[in-house]
Every structure is written in C-alpha cells, then in structure tokens.
file structure_11.txt (compact mmCIF, C-alpha atoms and all ligand atoms)
# COMPACT_ATOMS: atom_id res chain seq x y z
CA MET A 1 28.68 -7.75 5.94
CA SER A 2 31.99 -9.52 5.69
CA ARG A 3 33.90 -9.84 2.46
CA TYR A 4 34.63 -13.50 2.88
CA ARG A 5 33.05 -16.86 3.50
CA VAL A 6 34.39 -19.53 5.83
CA ARG A 7 33.89 -23.04 4.47
CA SER A 8 34.40 -26.49 5.92
CA ILE A 9 35.65 -29.45 3.94
CA PRO A 10 33.06 -30.71 1.39
CA GLU A 11 30.20 -32.73 2.84
CA THR A 12 30.77 -35.37 0.13
CA ILE A 13 34.26 -36.03 1.56
CA ALA A 14 32.93 -36.40 5.12
CA HIS A 15 30.14 -38.70 3.95
CA ALA A 16 32.63 -40.89 2.06
CA VAL A 17 34.90 -41.19 5.13
CA ARG A 18 31.97 -42.13 7.37
CA THR A 19 30.71 -44.81 5.02
CA SER A 20 34.00 -46.30 3.72
CA LEU A 21 36.23 -45.60 6.77
CA ARG A 22 38.94 -44.59 4.34
CA SER A 23 40.44 -41.34 3.11
CA PRO A 24 38.47 -40.60 -0.10
CA GLN A 25 41.50 -38.88 -1.66
CA TYR A 26 44.21 -41.37 -0.63
CA GLY A 27 42.56 -44.65 0.31
CA HIS A 28 44.38 -44.88 3.65
CA PRO A 29 42.25 -46.39 6.43
CA ALA A 30 40.55 -43.82 8.67
CA HIS A 31 41.04 -44.17 12.41
CA MET A 32 38.04 -44.07 14.77
CA GLU A 33 38.50 -43.00 18.38
CA MET A 34 36.89 -41.28 21.34
CA ALA A 35 37.83 -37.60 21.17
CA ALA A 36 41.05 -37.09 23.12
CA GLY A 37 41.69 -33.57 21.78
CA TYR A 38 39.67 -30.51 20.74
CA GLY A 39 39.99 -31.03 16.98
CA PRO A 40 37.94 -29.25 15.66
CA CYS A 41 35.64 -31.28 13.43
CA ARG A 42 36.48 -30.12 9.88
CA LEU A 43 32.84 -30.38 8.80
CA CYS A 44 30.82 -28.50 11.46
CA LEU A 45 33.93 -26.65 12.78
CA ARG A 46 32.89 -27.32 16.38
CA THR A 47 35.48 -28.53 18.87
CA PHE A 48 35.05 -32.08 20.21
CA GLU A 49 33.63 -32.94 23.60
CA LEU A 50 36.54 -34.86 25.08
CA GLY A 51 35.70 -38.40 26.08
CA VAL A 52 32.14 -38.04 24.80
CA GLU A 53 32.18 -37.75 21.00
CA GLN A 54 33.53 -40.32 18.55
CA ARG A 55 35.73 -38.93 15.80
CA LEU A 56 37.37 -40.14 12.61
CA LEU A 57 40.94 -39.27 11.67
CA PHE A 58 41.84 -39.36 7.99
CA THR A 59 44.25 -37.90 5.44
CA TYR A 60 42.90 -34.82 3.66
CA GLN A 61 44.34 -32.68 0.87
CA PRO A 62 42.78 -29.19 1.08
CA PHE A 63 43.86 -27.63 -2.23
CA THR A 64 41.25 -27.76 -5.00
CA ASP A 65 43.49 -25.98 -7.55
CA PRO A 66 45.01 -28.82 -9.61
CA ALA A 67 48.12 -26.69 -10.19
CA ALA A 68 48.76 -26.34 -6.44
CA LEU A 69 51.28 -28.56 -4.70
CA PRO A 70 49.13 -31.03 -2.71
CA ALA A 71 49.42 -30.70 1.08
CA PRO A 72 47.93 -33.87 2.58
CA GLY A 73 47.60 -33.93 6.33
CA PRO A 74 45.60 -35.49 9.16
CA VAL A 75 42.16 -34.05 10.01
CA PHE A 76 39.28 -35.09 12.25
CA ILE A 77 35.53 -35.15 11.70
CA HIS A 78 32.65 -36.29 13.92
CA ARG A 79 31.82 -39.98 13.50
CA ASP A 80 28.12 -39.12 13.47
CA PRO A 81 26.51 -36.85 10.90
CA CYS A 82 26.89 -33.10 11.47
CA GLU A 83 26.21 -29.97 9.45
CA PRO A 84 28.86 -28.53 7.11
CA TYR A 85 29.90 -24.95 7.89
CA ASP A 86 29.56 -22.39 5.10
CA ALA A 87 28.86 -18.81 6.21
CA PRO A 88 30.07 -15.22 5.81
CA VAL A 89 30.79 -15.18 9.53
CA PHE A 90 33.84 -16.44 11.39
CA PRO A 91 32.74 -19.40 13.55
CA GLU A 92 32.91 -18.59 17.27
CA THR A 93 33.93 -22.20 17.96
CA LEU A 94 37.31 -21.57 16.28
CA ARG A 95 38.06 -18.26 17.98
CA PRO A 96 39.84 -19.74 21.05
CA LEU A 97 42.18 -21.90 18.92
CA PRO A 98 45.75 -20.95 17.92
CA LEU A 99 45.31 -19.92 14.29
CA VAL A 100 47.36 -18.99 11.25
CA VAL A 101 45.80 -17.43 8.15
CA GLU A 102 47.51 -18.28 4.87
CA GLY A 103 46.64 -16.52 1.64
CA TYR A 104 47.27 -18.41 -1.58
CA GLY A 105 47.58 -17.15 -5.13
CA GLU A 106 48.03 -18.64 -8.57
CA ALA A 107 48.95 -22.36 -8.52
CA GLY A 108 48.73 -22.50 -4.74
CA ALA A 109 51.65 -20.13 -4.20
CA LEU A 110 51.80 -18.86 -0.62
CA VAL A 111 51.37 -15.07 -0.72
CA ALA A 112 50.85 -14.18 2.93
CA GLN A 113 51.05 -15.97 6.26
CA ARG A 114 49.80 -14.29 9.46
CA ARG A 115 49.57 -15.67 12.99
CA VAL A 116 46.38 -14.48 14.67
CA GLY A 117 47.70 -14.58 18.25
CA ASP A 118 45.89 -11.93 20.31
CA LEU A 119 44.58 -10.06 17.27
CA ARG A 120 40.98 -10.22 16.09
CA VAL A 121 40.82 -13.00 13.52
CA GLU A 122 38.49 -10.95 11.30
CA SER A 123 41.08 -8.20 10.90
CA VAL A 124 43.80 -10.74 10.10
CA LEU A 125 41.55 -12.30 7.46
CA GLU A 126 40.81 -8.89 5.94
CA GLN A 127 44.55 -8.11 5.92
CA VAL A 128 45.43 -11.32 4.06
CA LEU A 129 42.58 -10.88 1.55
CA GLU A 130 43.77 -7.30 0.86
CA TYR A 131 46.58 -8.74 -1.29
CA SER A 132 45.33 -8.66 -4.85
CA GLU A 133 47.29 -11.87 -5.64
CA VAL A 134 45.45 -13.81 -2.93
CA ARG A 135 42.64 -15.94 -4.38
CA TYR A 136 41.60 -17.73 -1.17
CA ALA A 137 42.94 -18.45 2.29
CA HIS A 138 43.38 -21.44 4.58
CA LEU A 139 43.03 -21.41 8.34
CA ARG A 140 45.57 -23.65 10.02
CA ASN A 141 46.35 -24.57 13.59
CA ALA A 142 49.31 -22.43 14.66
CA ASP A 143 50.69 -25.18 16.93
CA ALA A 144 49.99 -28.39 14.99
CA GLY A 145 50.05 -26.86 11.50
CA CYS A 146 47.06 -28.84 10.29
CA PHE A 147 44.38 -27.51 7.97
CA ILE A 148 41.16 -26.30 9.63
CA ALA A 149 39.01 -24.49 7.06
CA ARG A 150 39.02 -22.56 3.82
CA VAL A 151 38.15 -18.88 3.37
CA ASP A 152 36.91 -17.56 0.03
CA ARG A 153 36.23 -14.00 -1.01
CA GLU A 154 32.50 -13.39 -0.98
CA THR A 155 31.59 -13.16 -4.67
CA GLY A 156 29.99 -9.94 -5.83
CA LEU A 157 31.35 -7.93 -2.92
CA VAL A 158 34.95 -7.50 -4.00
ZN ZN A 201 31.16 -32.18 13.19
call {"tool": "encode", "arguments": {"input": "structure_11.txt", "output": "structure tokens"}}
result
Amino acid sequence: MSRYRVRSIPETIAHAVRTSLRSPQYGHPAHMEMAAGYGPCRLCLRTFELGVEQRLLFTYQPFTDPAALPAPGPVFIHRDPCEPYDAPVFPETLRPLPLVVEGYGEAGALVAQRRVGDLRVESVLEQVLEYSEVRYAHLRNADAGCFIARVDRETGLV
C-alpha cells in the first residue's frame, strides 16, 4: 500500500472549461485543437492520441493553499468527458514522461525538488514525502515545466 495518492485537477474545473470554453480561475479563453502533443490530459492523466483526440488548453493555477504564491500555467484536458484520476497508485500513463517531483510546505514554500530521470518514480515520491515539512507534492514536466498532477499523503497511513 502506498503512502500517497495521486490526484488530477478537480473535475469541477474540467467541467467548467468544457462548458464555458474559458479558464475558470482566470477567465482567459480556452483553446480547442486536435492533439499535436502527448499532454497528458490533466483530468484522466492519459496521454493524447495525436491527431485523433480533441483537447482544450487553458490557464490553471494548481495551488489550493491561499497563502501559496499562485503559479498559473497552461494545461490540457480532453475536449470530451473523461474520468478524473484519484488513486493510491502512480498512473502508468505518466511513467514514460520526463517528470520532476516538487514537495511543498507551509504557504507553498518549495522544500524539495527531484528529477525522476531513470529512477523509479515511486521511490522519488517517497523520498520527497519523507521531509516532515512537505505537506503535498506536485508532479511537473521536467522539460516544459508545466503542472501535471498533485500528490497528497494518504491520510491515516502517515
Ligand atoms: Zn482526459
């Protein structure tokens, strides 16, 4: 049993983007296109089928701590409904991607930043969550820098 939970962006955010075609947090217009890159979709955390799936690009701010410095950036989701990811298992669909794990503490302060590279992502996640100051972690793309998913400690198992 892992000690953490990988979570996508909230389904309410994805639903709002799909219906309003705007960023729910910023109001900027969302951009719809045929997938020209792997993504992944920030709701189901699957990579896009290039040239087959429609996707929406919008501005997303991943910090939920109001004391954290906001970090808005571009993310993609599927145009069509898909299932949010929320599980105590690292999603296999993300394993091939270049990843960075960032552990954040009080007020969104960056405590630890680790590139996964050739390491097993699970061990990197465990390493970052070992820091007692770390409250949660973000997965980011190690090349593009953009936010991919959030990782929380599994409650009751710490
Ligand atoms: Zn999706």
call {"tool": "atom_distance", "arguments": {"input": "structure_11.txt", "atom1": "CA of Pro40 (chain A)", "atom2": "CA of Tyr85 (chain A)"}}
result
12.0 Å
call {"tool": "residues_near_ligand", "arguments": {"input": "structure_11.txt", "ligand": "ligand ZN 201 (chain A)", "cutoff": "12 Å", "atoms": "all atoms listed in the file", "output": "VMD selection string"}}
result
chain A and resid 8 to 9 11 14 to 15 18 35 38 to 49 53 to 56 75 to 85 93
call {"tool": "atom_distance", "arguments": {"input": "structure_11.txt", "atom1": "CA of Leu21 (chain A)", "atom2": "CA of Pro74 (chain A)"}}
result
14.0 Å
call {"tool": "closest_residue", "arguments": {"input": "structure_11.txt", "among": "A:Ala16, A:Val6, A:Ala107, A:Val89", "to": "Ala67 (chain A)", "atoms": "all atoms listed in the file"}}
result
A:Ala107
call {"tool": "atom_distance", "arguments": {"input": "structure_11.txt", "atom1": "CA of Ala30 (chain A)", "atom2": "CA of Cys146 (chain A)"}}
result
16.4 Å
call {"tool": "residues_near_point", "arguments": {"input": "structure_11.txt", "point": "(34.9, -22.1, 4.6)", "cutoff": "7 Å", "atoms": "only C-alpha atoms", "output": "PyMOL selection string"}}
result
chain A and resi 5-8+85-86+149-152
call {"tool": "closest_residue", "arguments": {"input": "structure_11.txt", "among": "A:Leu119, A:Ile148, A:Ala87, A:Ala71", "to": "Tyr26 (chain A)", "atoms": "all atoms listed in the file"}}
result
A:Ala71
call {"tool": "closest_residue", "arguments": {"input": "structure_11.txt", "among": "A:Arg95, A:Arg115, A:Arg153, A:Arg120", "to": "Tyr136 (chain A)", "atoms": "all atoms listed in the file"}}
result
A:Arg153
call {"tool": "closest_residue", "arguments": {"input": "structure_11.txt", "among": "A:Val100, A:Ser123, A:Glu133, A:Pro10", "to": "Gln61 (chain A)", "atoms": "all atoms listed in the file"}}
result
A:Pro10
call {"tool": "residues_around", "arguments": {"input": "structure_11.txt", "residues": "Gly105 (chain A)", "least_positions_apart": "6", "cutoff": "9 Å", "atoms": "all atoms listed in the file", "output": "PyMOL selection string"}}
result
chain A and resi 111+132-137
call {"tool": "write_last_selection", "arguments": {"input": "structure_11.txt", "atoms": "C-alpha atoms", "output": "PDB file, in the frame of the given file"}}
result
ATOM      1  CA  VAL A 111      51.370 -15.070  -0.720  1.00  0.00           C
ATOM      2  CA  SER A 132      45.330  -8.660  -4.850  1.00  0.00           C
ATOM      3  CA  GLU A 133      47.290 -11.870  -5.640  1.00  0.00           C
ATOM      4  CA  VAL A 134      45.450 -13.810  -2.930  1.00  0.00           C
ATOM      5  CA  ARG A 135      42.640 -15.940  -4.380  1.00  0.00           C
ATOM      6  CA  TYR A 136      41.600 -17.730  -1.170  1.00  0.00           C
ATOM      7  CA  ALA A 137      42.940 -18.450   2.290  1.00  0.00           C
TER       8      ALA A 137
END
call {"tool": "closest_residue", "arguments": {"input": "structure_11.txt", "among": "A:Leu69, A:Leu99, A:Ala109, A:Ala36", "to": "Ala142 (chain A)", "atoms": "all atoms listed in the file"}}
result
A:Leu99
call {"tool": "closest_residue", "arguments": {"input": "structure_11.txt", "among": "A:Pro98, A:Gln127, A:Glu33, A:Pro70", "to": "Asp143 (chain A)", "atoms": "only C-alpha atoms"}}
result
A:Pro98
call {"tool": "decode", "arguments": {"input": "structure_11.txt", "residues": "region 110-149 of chain A", "atoms": "N, CA and C atoms", "output": "compact mmCIF listing (two decimals), in the first residue's frame"}}
result
# COMPACT_ATOMS: atom_id res chain seq x y z
N LEU A 110 8.70 25.87 -1.48
CA LEU A 110 9.31 24.69 -2.09
C LEU A 110 10.33 24.10 -1.13
N VAL A 111 10.11 22.85 -0.74
CA VAL A 111 11.01 22.18 0.21
C VAL A 111 11.99 21.26 -0.52
N ALA A 112 11.50 20.53 -1.52
CA ALA A 112 12.37 19.59 -2.22
C ALA A 112 11.97 19.50 -3.68
N GLN A 113 12.97 19.39 -4.54
CA GLN A 113 12.71 19.25 -5.97
C GLN A 113 13.62 18.14 -6.49
N ARG A 114 13.02 17.08 -7.06
CA ARG A 114 13.80 15.94 -7.55
C ARG A 114 13.39 15.58 -8.97
N ARG A 115 14.38 15.48 -9.85
CA ARG A 115 14.11 14.97 -11.20
C ARG A 115 14.04 13.46 -11.13
N VAL A 116 13.06 12.87 -11.79
CA VAL A 116 12.90 11.41 -11.74
C VAL A 116 13.93 10.74 -12.63
N GLY A 117 14.11 11.24 -13.85
CA GLY A 117 15.11 10.65 -14.76
C GLY A 117 14.91 9.16 -14.92
N ASP A 118 15.96 8.38 -14.67
CA ASP A 118 15.89 6.93 -14.82
C ASP A 118 15.47 6.22 -13.53
N LEU A 119 15.22 6.99 -12.48
CA LEU A 119 14.84 6.36 -11.21
C LEU A 119 13.38 5.90 -11.26
N ARG A 120 12.99 5.08 -10.30
CA ARG A 120 11.59 4.69 -10.20
C ARG A 120 10.84 5.85 -9.56
N VAL A 121 9.77 6.28 -10.20
CA VAL A 121 9.07 7.47 -9.72
C VAL A 121 8.54 7.26 -8.30
N GLU A 122 8.14 6.03 -7.97
CA GLU A 122 7.62 5.76 -6.62
C GLU A 122 8.67 6.06 -5.55
N SER A 123 9.93 5.71 -5.83
CA SER A 123 10.95 5.95 -4.81
C SER A 123 11.26 7.45 -4.70
N VAL A 124 11.16 8.17 -5.81
CA VAL A 124 11.37 9.62 -5.75
C VAL A 124 10.25 10.27 -4.94
N LEU A 125 9.02 9.81 -5.16
CA LEU A 125 7.88 10.35 -4.41
C LEU A 125 8.05 10.08 -2.91
N GLU A 126 8.44 8.87 -2.58
CA GLU A 126 8.64 8.51 -1.17
C GLU A 126 9.71 9.41 -0.55
N GLN A 127 10.80 9.62 -1.32
CA GLN A 127 11.91 10.46 -0.85
C GLN A 127 11.44 11.87 -0.52
N VAL A 128 10.65 12.45 -1.43
CA VAL A 128 10.19 13.84 -1.24
C VAL A 128 9.22 13.90 -0.06
N LEU A 129 8.35 12.89 0.08
CA LEU A 129 7.37 12.91 1.17
C LEU A 129 7.99 12.56 2.53
N GLU A 130 9.25 12.09 2.52
CA GLU A 130 9.98 11.83 3.76
C GLU A 130 10.21 13.10 4.56
N TYR A 131 10.36 14.23 3.86
CA TYR A 131 10.59 15.51 4.55
C TYR A 131 9.37 15.84 5.39
N SER A 132 9.58 16.06 6.68
CA SER A 132 8.43 16.32 7.54
C SER A 132 7.76 17.65 7.18
N GLU A 133 8.51 18.60 6.60
CA GLU A 133 7.91 19.89 6.24
C GLU A 133 7.01 19.79 5.01
N VAL A 134 7.18 18.74 4.22
CA VAL A 134 6.40 18.62 2.98
C VAL A 134 4.97 18.23 3.30
N ARG A 135 4.02 19.05 2.80
CA ARG A 135 2.60 18.77 3.04
C ARG A 135 1.98 18.02 1.87
N TYR A 136 2.46 18.30 0.67
CA TYR A 136 1.94 17.69 -0.56
C TYR A 136 3.00 17.89 -1.64
N ALA A 137 2.81 17.24 -2.77
CA ALA A 137 3.79 17.38 -3.85
C ALA A 137 3.07 17.63 -5.17
N HIS A 138 3.80 18.23 -6.10
CA HIS A 138 3.30 18.40 -7.47
C HIS A 138 4.21 17.60 -8.39
N LEU A 139 3.59 17.01 -9.41
CA LEU A 139 4.36 16.40 -10.49
C LEU A 139 4.38 17.42 -11.61
N ARG A 140 5.57 17.68 -12.15
CA ARG A 140 5.68 18.61 -13.26
C ARG A 140 6.48 17.98 -14.39
N ASN A 141 6.26 18.48 -15.58
CA ASN A 141 7.02 18.00 -16.73
C ASN A 141 8.44 18.57 -16.64
N ALA A 142 9.43 17.70 -16.67
CA ALA A 142 10.82 18.12 -16.47
C ALA A 142 11.36 18.91 -17.66
N ASP A 143 10.72 18.84 -18.82
CA ASP A 143 11.16 19.61 -19.98
C ASP A 143 10.39 20.93 -20.08
N ALA A 144 9.05 20.83 -20.04
CA ALA A 144 8.21 22.01 -20.25
C ALA A 144 7.94 22.77 -18.94
N GLY A 145 8.08 22.09 -17.81
CA GLY A 145 7.87 22.75 -16.52
C GLY A 145 6.43 22.79 -16.07
N CYS A 146 5.49 22.40 -16.92
CA CYS A 146 4.09 22.59 -16.57
C CYS A 146 3.58 21.55 -15.57
N PHE A 147 2.58 21.96 -14.83
CA PHE A 147 1.96 21.14 -13.79
C PHE A 147 1.24 19.94 -14.40
N ILE A 148 1.42 18.75 -13.81
CA ILE A 148 0.74 17.55 -14.31
C ILE A 148 -0.29 17.02 -13.31
N ALA A 149 0.11 16.84 -12.06
CA ALA A 149 -0.82 16.28 -11.07
C ALA A 149 -0.32 16.60 -9.68
